[in-house]
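What's in final-v9.cif: mmCIF, C-alpha atoms
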data_query
loop_
_atom_site.label_atom_id
_atom_site.label_comp_id
_atom_site.auth_asym_id
_atom_site.auth_seq_id
_atom_site.Cartn_x
_atom_site.Cartn_y
_atom_site.Cartn_z
CA MET A 68 -45.31 77.23 54.28
CA VAL A 69 -43.00 76.19 57.06
CA LYS A 70 -45.32 73.26 57.69
CA HIS A 71 -45.08 72.12 54.07
CA ASN A 72 -41.33 72.31 54.07
CA LEU A 73 -41.28 70.25 57.22
CA ILE A 74 -43.46 67.60 55.58
CA TYR A 75 -41.25 67.48 52.47
CA GLY A 76 -38.16 67.25 54.62
CA ILE A 77 -39.54 64.36 56.57
CA PHE A 78 -40.59 62.59 53.33
CA TYR A 79 -37.28 63.00 51.55
CA GLY A 80 -35.42 62.02 54.67
CA ALA A 81 -37.39 58.82 54.86
CA VAL A 82 -36.69 58.07 51.18
CA LEU A 83 -33.01 58.69 51.76
CA LEU A 84 -32.97 56.28 54.69
CA VAL A 85 -34.65 53.60 52.56
CA LEU A 86 -32.19 54.07 49.75
CA LEU A 87 -29.26 53.92 52.13
CA ALA A 88 -30.58 50.65 53.52
CA MET A 89 -30.70 49.00 50.08
CA PRO A 90 -27.54 47.10 48.83
CA PHE A 91 -25.98 48.30 45.61
CA ALA A 92 -24.24 45.66 43.30
CA PHE A 93 -21.97 46.55 40.45
CA GLY A 94 -21.36 43.40 38.14
CA GLU A 95 -18.57 42.32 35.71
CA ASP A 96 -18.39 39.25 33.40
CA VAL A 97 -15.29 37.05 34.11
CA SER A 98 -14.17 34.49 31.49
CA THR A 99 -13.45 30.90 32.51
CA SER A 100 -11.43 28.13 30.83
CA VAL A 101 -10.29 24.59 31.41
CA ALA A 102 -7.96 22.37 29.33
CA ILE A 103 -9.15 18.79 28.82
CA GLY A 104 -6.28 16.31 29.02
CA ASN A 105 -6.04 13.31 26.75
CA SER A 106 -7.57 10.14 28.13
CA PRO A 107 -5.99 6.84 27.00
CA PRO A 108 -8.10 4.32 25.06
CA VAL A 109 -9.38 1.18 26.75
CA VAL A 110 -9.60 -2.16 24.93
CA GLY A 111 -12.60 -4.12 26.19
CA THR A 112 -13.11 -7.88 26.37
CA VAL A 113 -11.49 -9.71 23.46
CA THR A 114 -13.56 -12.34 21.65
CA SER A 115 -12.26 -14.76 19.04
CA SER A 116 -13.01 -17.54 16.58
CA ASP A 117 -14.25 -20.83 18.01
CA ASP A 118 -11.85 -23.80 17.97
CA PHE A 119 -10.81 -24.41 14.37
CA ALA A 120 -8.49 -26.37 12.10
CA PRO A 121 -7.15 -25.00 8.81
CA PRO A 122 -8.20 -26.84 5.63
CA THR A 123 -5.85 -29.37 4.04
CA CYS A 124 -2.92 -27.51 2.49
CA GLY A 125 -4.98 -24.31 2.68
CA ASN A 126 -5.70 -21.20 4.73
CA VAL A 127 -8.51 -20.23 7.08
CA THR A 128 -9.53 -16.83 8.41
CA ALA A 129 -9.46 -16.49 12.19
CA TRP A 130 -10.52 -13.34 14.02
CA CYS A 131 -10.25 -11.45 17.30
CA ASN A 132 -12.62 -8.57 18.07
CA ALA A 133 -13.03 -5.99 20.83
CA THR A 134 -14.81 -2.72 21.57
CA ILE A 135 -12.41 0.15 22.22
CA THR A 136 -13.53 3.14 24.28
CA ASP A 137 -11.96 6.56 24.75
CA ALA A 138 -13.32 9.30 27.04
CA ASN A 139 -12.20 11.84 24.44
CA GLY A 140 -14.55 10.28 21.88
CA TYR A 141 -14.12 7.48 19.38
CA ASN A 142 -12.47 9.85 16.85
CA ASP A 143 -9.48 10.03 19.22
CA ILE A 144 -8.78 6.34 18.58
CA LYS A 145 -6.23 6.36 15.79
CA ILE A 146 -5.29 2.74 15.08
CA ALA A 147 -5.66 -0.83 16.35
CA ASN A 148 -3.36 -3.80 15.74
CA ALA A 149 -3.47 -7.39 16.90
CA THR A 150 -0.94 -10.15 17.50
CA LEU A 151 -1.81 -13.86 17.54
CA TRP A 152 0.90 -16.19 18.80
CA ASP A 153 1.56 -19.62 20.30
CA PRO A 154 3.11 -18.82 23.71
CA ALA A 155 4.46 -22.35 24.04
CA SER A 156 6.68 -21.82 21.00
CA THR A 157 7.44 -18.11 20.69
CA THR A 158 6.98 -14.71 22.32
CA ILE A 159 4.65 -11.86 21.46
CA ASP A 160 7.64 -10.06 19.92
CA GLY A 161 8.59 -13.01 17.72
CA SER A 162 8.78 -12.91 13.94
CA ASP A 163 5.80 -13.79 11.78
CA ASP A 164 6.38 -17.31 10.47
CA ASN A 165 2.89 -18.75 9.81
CA SER A 166 3.56 -21.56 12.29
CA THR A 167 3.71 -19.70 15.62
CA HIS A 168 3.15 -15.95 15.12
CA TYR A 169 0.88 -13.56 13.18
CA VAL A 170 0.38 -9.77 13.23
CA THR A 171 -2.48 -7.86 11.60
CA ARG A 172 -3.97 -4.37 11.29
CA CYS A 173 -7.51 -4.18 12.70
CA PHE A 174 -10.49 -2.62 10.92
CA LEU A 175 -12.18 0.09 12.98
CA ASN A 176 -15.89 0.49 12.39
CA GLY A 177 -19.23 1.38 13.98
CA GLY A 178 -17.90 4.35 15.95
CA SER A 179 -20.38 6.22 18.14
CA GLY A 180 -19.87 8.44 21.18
CA SER A 181 -16.82 7.14 23.00
CA ALA A 182 -16.74 3.60 21.51
CA ILE A 183 -15.66 1.94 18.29
CA ASN A 184 -15.35 -1.71 17.22
CA ALA A 185 -12.04 -3.30 16.27
CA ASN A 186 -12.25 -6.32 13.94
CA CYS A 187 -8.92 -8.12 13.54
CA SER A 188 -8.58 -11.02 11.07
CA PHE A 189 -5.68 -13.38 10.37
CA ALA A 190 -5.09 -15.67 7.36
CA ILE A 191 -3.99 -18.81 9.20
CA VAL A 192 -1.86 -21.19 7.13
CA TYR A 193 -2.48 -24.94 7.39
CA HIS A 194 0.75 -25.68 9.28
CA ALA A 195 0.04 -23.30 12.19
CA ASN A 196 0.79 -25.12 15.44
CA PRO A 197 -2.09 -27.05 17.02
CA ALA A 198 -2.15 -25.31 20.41
CA GLU A 199 -3.79 -22.75 22.69
CA TRP A 200 -2.86 -19.41 21.12
CA THR A 201 -3.13 -15.91 22.60
CA CYS A 202 -4.64 -12.93 20.78
CA ARG A 203 -3.75 -9.41 21.99
CA ILE A 204 -5.37 -6.26 20.60
CA TYR A 205 -3.60 -2.90 20.90
CA ALA A 206 -5.30 0.50 20.60
CA ASN A 207 -3.42 3.78 19.97
CA ASP A 208 -4.95 7.24 20.24
CA THR A 209 -3.95 10.55 18.66
CA SER A 210 -1.63 11.31 21.60
CA SER A 211 0.19 7.99 21.22
CA ASN A 212 -1.39 6.51 24.34
CA VAL A 213 -1.64 2.73 24.11
CA HIS A 214 -3.78 0.12 25.82
CA ASN A 215 -4.17 -3.60 25.17
CA ASN A 216 -6.21 -6.60 26.21
CA SER A 217 -5.81 -10.32 25.49
CA LYS A 218 -7.63 -13.62 25.08
CA THR A 219 -5.59 -16.70 25.90
CA ASP A 220 -7.60 -19.68 24.62
CA VAL A 221 -7.71 -19.34 20.84
CA THR A 222 -7.52 -23.03 19.91
CA ILE A 223 -6.10 -24.39 16.66
CA ILE A 224 -7.02 -28.07 16.31
CA THR A 225 -4.71 -30.82 15.04
CA LEU A 226 -4.84 -31.29 11.27
CA ARG A 227 -3.32 -34.53 10.01
CA ALA A 228 -3.44 -34.57 6.21
CA LEU A 229 -1.36 -35.19 3.11
CA ASP A 230 -1.44 -34.72 -0.63
CA ALA A 231 -0.14 -37.14 -3.25
CA ASN A 232 0.24 -36.94 -7.02
CA ASN A 233 -3.01 -38.05 -8.63
CA THR A 234 -1.50 -40.72 -10.87
CA ILE A 235 1.19 -43.38 -10.79
CA SER A 236 1.88 -44.57 -14.32
CA PHE A 237 4.01 -47.66 -14.88
CA GLY A 238 4.14 -47.09 -18.62
CA THR A 239 3.99 -49.99 -21.09
CA LEU A 240 5.39 -53.35 -19.99
CA SER A 241 5.50 -56.77 -21.64
CA PRO A 242 3.95 -59.90 -20.12
CA GLY A 243 6.24 -61.63 -17.64
CA THR A 244 8.37 -58.52 -16.94
CA SER A 245 8.62 -55.97 -14.16
CA SER A 246 9.47 -52.29 -13.98
CA THR A 247 13.10 -51.35 -14.36
CA ALA A 248 12.63 -47.69 -13.46
CA ASP A 249 10.75 -46.29 -10.50
CA ALA A 250 7.42 -44.57 -10.84
CA ASN A 251 7.72 -41.81 -8.24
CA ASN A 252 4.95 -40.27 -6.19
CA THR A 253 5.65 -37.22 -4.03
CA ILE A 254 3.82 -36.94 -0.70
CA LEU A 255 3.28 -33.49 0.81
CA ASN A 256 2.44 -32.91 4.48
CA CYS A 257 -0.73 -30.79 4.33
CA GLY A 258 -1.33 -30.72 8.09
CA ASN A 259 0.15 -29.14 11.20
CA VAL A 260 1.78 -32.18 12.82
CA PRO A 261 4.37 -34.77 11.75
CA THR A 262 2.71 -37.72 10.07
CA ASP A 263 3.33 -41.29 9.08
CA LEU A 264 1.77 -43.11 6.16
CA ASN A 265 -0.53 -46.08 5.70
CA LEU A 266 -0.72 -47.69 2.25
CA SER A 267 -3.32 -49.94 0.66
CA GLY A 268 -4.51 -50.68 -2.85
CA THR A 269 -6.67 -52.65 -5.24
CA ASP A 270 -6.05 -55.10 -8.06
CA LEU A 271 -5.43 -53.52 -11.45
CA THR A 272 -8.32 -54.61 -13.64
CA ASN A 273 -9.90 -54.23 -17.05
CA ALA A 274 -13.60 -55.00 -17.47
CA THR A 275 -12.99 -56.79 -20.79
CA ALA A 276 -10.12 -58.98 -19.57
CA SER A 277 -10.85 -62.70 -19.85
CA VAL A 278 -7.46 -64.16 -18.94
CA THR A 279 -6.36 -62.43 -15.75
CA ASN A 280 -6.07 -59.16 -13.89
CA ILE A 281 -3.01 -57.86 -12.03
CA SER A 282 -3.00 -58.64 -8.32
CA VAL A 283 -2.52 -55.77 -5.88
CA GLY A 284 0.52 -57.62 -4.51
CA ASN A 285 2.26 -57.24 -7.87
CA VAL A 286 2.58 -53.53 -7.07
CA LYS A 287 5.60 -52.89 -4.86
CA TYR A 288 7.02 -49.84 -3.10
CA ASN A 289 9.99 -48.47 -1.23
CA ILE A 290 9.35 -45.37 0.86
CA THR A 291 12.95 -44.37 1.50
CA THR A 292 15.33 -45.40 -1.28
CA PRO A 293 14.98 -45.13 -5.06
CA ASP A 294 16.11 -47.63 -7.74
CA GLN A 295 15.69 -50.78 -5.66
CA GLN A 296 15.37 -54.31 -7.07
CA TYR A 297 11.74 -55.26 -7.63
CA THR A 298 12.10 -58.79 -6.32
CA THR A 299 14.36 -58.26 -3.30
CA SER A 300 14.20 -54.71 -1.94
CA MET A 301 10.61 -53.59 -2.28
CA THR A 302 7.42 -54.31 -0.32
CA SER A 303 4.24 -55.68 -1.88
CA LEU A 304 1.16 -53.50 -1.64
CA SER A 305 -1.81 -55.00 0.21
CA ALA A 306 -5.55 -54.53 0.11
CA THR A 307 -5.30 -53.97 3.88
CA SER A 308 -4.14 -50.56 5.07
CA THR A 309 -0.54 -51.11 6.19
CA TYR A 310 1.60 -48.84 8.37
CA THR A 311 4.87 -47.54 6.97
CA ASN A 312 7.44 -45.61 9.00
CA PHE A 313 7.38 -42.70 6.56
CA THR A 314 7.89 -39.86 9.10
CA LEU A 315 6.87 -36.80 7.14
CA THR A 316 7.91 -33.82 9.28
CA LYS A 317 5.71 -30.84 10.03
CA ARG A 318 6.27 -27.88 7.74
CA THR A 319 7.95 -24.88 9.34
CA SER A 320 9.26 -22.80 6.42
CA GLY A 321 9.70 -24.70 3.16
CA LEU A 322 7.36 -27.47 2.07
CA SER A 323 7.59 -30.80 3.90
CA LEU A 324 7.58 -33.57 1.31
CA ASN A 325 9.10 -36.97 0.54
CA ASN A 326 9.10 -39.28 -2.44
CA THR A 327 7.78 -42.81 -2.60
CA TYR A 328 9.07 -45.26 -5.23
CA TRP A 329 6.94 -47.81 -7.09
CA LYS A 330 7.32 -50.75 -9.48
CA ILE A 331 4.97 -53.40 -10.87
CA GLY A 332 5.30 -56.99 -12.06
CA ILE A 333 3.23 -58.23 -15.01
CA PRO A 334 1.86 -61.82 -15.17
CA ALA A 335 3.31 -64.03 -17.89
CA SER A 336 -0.08 -64.53 -19.51
CA ILE A 337 -2.15 -61.40 -19.88
CA GLU A 338 -4.09 -59.66 -22.63
CA ASN A 339 -2.91 -56.58 -24.46
CA LEU A 340 -5.09 -54.10 -22.53
CA VAL A 341 -4.79 -51.16 -20.16
CA PHE A 342 -5.29 -52.17 -16.52
CA THR A 343 -6.12 -49.65 -13.78
CA GLY A 344 -6.33 -49.73 -10.01
CA THR A 345 -6.12 -47.53 -6.96
CA ILE A 346 -3.47 -46.86 -4.32
CA THR A 347 -4.67 -45.18 -1.09
CA PHE A 348 -2.32 -42.96 0.92
CA THR A 349 -3.57 -42.32 4.47
CA ALA A 350 -2.04 -39.91 6.98
CA VAL A 351 -1.68 -41.51 10.44
CA PRO A 352 -0.04 -40.37 13.71
CA ASP A 353 3.73 -40.26 13.70
CA THR A 354 5.19 -42.94 15.98
#
For the structure just supplied, provide its representation as structure tokens.
Amino acid sequence: MVKHNLIYGIFYGAVLLVLLAMPFAFGEDVSTSVAIGNSPPVVGTVTSSDDFAPPTCGNVTAWCNATITDANGYNDIKIANATLWDPASTTIDGSDDNSTHYVTRCFLNGGSGSAINANCSFAIVYHANPAEWTCRIYANDTSSNVHNNSKTDVTIITLRALDANNTISFGTLSPGTSSTADANNTILNCGNVPTDLNLSGTDLTNATASVTNISVGNVKYNITTPDQQYTTSMTSLSATSTYTNFTLTKRTSGLSLNNTYWKIGIPASIENLVFTGTITFTAVPDT
């Protein structure tokens, strides 16, 4: 019996030593947290329309585009705007005037992950300065952080153009007489530079006339002063395009237009018919 107790004592002692040698760990879950700060948006490379000229007396759509990224995700990008301006004539903070400065709201689309596309379009009026313009796109996020990027070579090409009334009517005149009242024709500058005027024309004819037609030189004009004498103070129209110092200024706010004044002389012998011809108004560089 004593022997058995000794054996059990040795055994349990050994077990106790093993247990004492083993490490005991008592665990507890600890919560963690981190606050993510707002990251500002980044406007990528700005692309734009190729070199362009507006249409005569019309508008053309020009565009600037960029991809905007935000480390907080594209939904953090709140708004994008763009400014297009002629730095030789105004500043980025100038007023919109259709000649030197435009501002637009950009359309945000195609968002995925941290990026979204900004498409910014401008309705460019025909008298916008021919120059190298700058387009700058701004991006704002939900925390009012702002970033911008620019493109400096948006080129508007020179447009030299005009518009005239479609018809000059001299009314009804008797053979051997000339106009007493002017027939006016208003010329509108439809381009983006000052312009002068070349004039040419054709004889006034009627296909059934057997006596004579009316020579182009019988049509006379004055480009500056109304109510001038037909014989002494007006210039005969020519079949050859002829320069006139008309100096039609470039439009800035209101329309840029001037009148031209016309009269005609009728041959002494001519049939009772209606005679028609053509007068050509050509925009040429201002000198």
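Nearest to Gly258 of chain A of all the residues A:Asn105, A:Asn126, A:Asn326, A:Thr167 is A:Asn126, counting only C-alpha atoms.
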Review point. Looking at A:Thr316, A:Thr347, A:Ser116, A:Ser211, which one is nearest to Ile191 of chain A, with distances taken over all atoms listed in the file?
Key: A:Ser116
Point to revise | 10 Å contact set for segment 234-238 of chain A, all atoms listed in the file, chain neighbours under 6 positions out, as a list in words | key: Ser245, Ser246, Thr247, Ala248, Asp249, Ala250, Asn251, Asn252, Val286, Tyr328, Trp329, Lys330, Ile331, Gly332, Val341, Thr343, Gly344, Thr345 and Ile346 of chain A
On this structure, the PyMOL selection byres ((chain A and resi 294-306) around 7) would catch which residues? List them as a PDB file with C-alpha atoms, in the coordinates of the input, sorted by chain and number.
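This is the output file expr.pdb:
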ATOM      1  CA  ALA A 248      12.630 -47.690 -13.460  1.00  0.00           C
ATOM      2  CA  ASP A 249      10.750 -46.290 -10.500  1.00  0.00           C
ATOM      3  CA  SER A 267      -3.320 -49.940   0.660  1.00  0.00           C
ATOM      4  CA  GLY A 268      -4.510 -50.680  -2.850  1.00  0.00           C
ATOM      5  CA  THR A 269      -6.670 -52.650  -5.240  1.00  0.00           C
ATOM      6  CA  VAL A 283      -2.520 -55.770  -5.880  1.00  0.00           C
ATOM      7  CA  GLY A 284       0.520 -57.620  -4.510  1.00  0.00           C
ATOM      8  CA  ASN A 285       2.260 -57.240  -7.870  1.00  0.00           C
ATOM      9  CA  VAL A 286       2.580 -53.530  -7.070  1.00  0.00           C
ATOM     10  CA  LYS A 287       5.600 -52.890  -4.860  1.00  0.00           C
ATOM     11  CA  TYR A 288       7.020 -49.840  -3.100  1.00  0.00           C
ATOM     12  CA  ASN A 289       9.990 -48.470  -1.230  1.00  0.00           C
ATOM     13  CA  THR A 292      15.330 -45.400  -1.280  1.00  0.00           C
ATOM     14  CA  PRO A 293      14.980 -45.130  -5.060  1.00  0.00           C
ATOM     15  CA  THR A 307      -5.300 -53.970   3.880  1.00  0.00           C
ATOM     16  CA  SER A 308      -4.140 -50.560   5.070  1.00  0.00           C
ATOM     17  CA  LYS A 330       7.320 -50.750  -9.480  1.00  0.00           C
TER      18      LYS A 330
END
Practice item. Give as a VMD selection string each residue that has an atom at most 10 Å from (-0.9, -25.6, 10.6) in the file, counting all atoms listed in the file. Key: chain A and resid 120 to 127 165 to 167 191 to 198 223 to 227 257 to 260 317 to 319
Practice item. Just say which residues the PyMOL selection byres ((chain A and resi 200) around 9) picks in this file, as a list in words. Key: Leu151, Trp152, Asp153, Pro154, Ala155, Thr167, Asn196, Pro197, Ala198, Glu199, Thr201, Cys202, Lys218, Thr219, Asp220, Val221, Thr222 and Ile223 of chain A
Check your understanding: Quick one, how far is atom CA of Ser162 of chain A from atom CA of Tyr205 of chain A?
Key -> 17.4 Å
Exercise for review: For atom CA of Ile135 of chain A and atom CA of Thr114 of chain A, quote the distance in Å rounded to one decimal.
Suggested key: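 Straight-line distance from atom CA of Ile135 of chain A to atom CA of Thr114 of chain A works out to 12.6 Å.
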Exercise for review: For Asp263 of chain A, list every protein, DNA or RNA residue within 8 Å, evaluated using all atoms listed in the file, and leave out those in the same chain fewer than 4 positions away; present the list as number ranges by chain.
Suggested key: A: 310-315, 350-354
Point to revise | Polymer residues at most 12 Å from segment 174-179 of chain A, only C-alpha atoms, same-chain spacing of 2 or more positions, as a ChimeraX atom specification | key: /A:130-149,171-172,181-189,204,206-207
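The spacing separating atom CA of Leu255 of chain A from atom CA of Leu322 of chain A amounts to 7.4 Å.
Using the PyMOL selection byres ((chain A and resi 107) around 8) on the file at hand returns these residues: A:Asn105, A:Ser106, A:Pro108, A:Val109, A:Asp137, A:Ala138, A:Asp208, A:Asn212, A:Val213, A:His214.
Closest approach to Thr327 of chain A among A:Thr244, A:Thr291, A:Ser277, A:Ser217 is made by A:Thr291 (distances from only C-alpha atoms).
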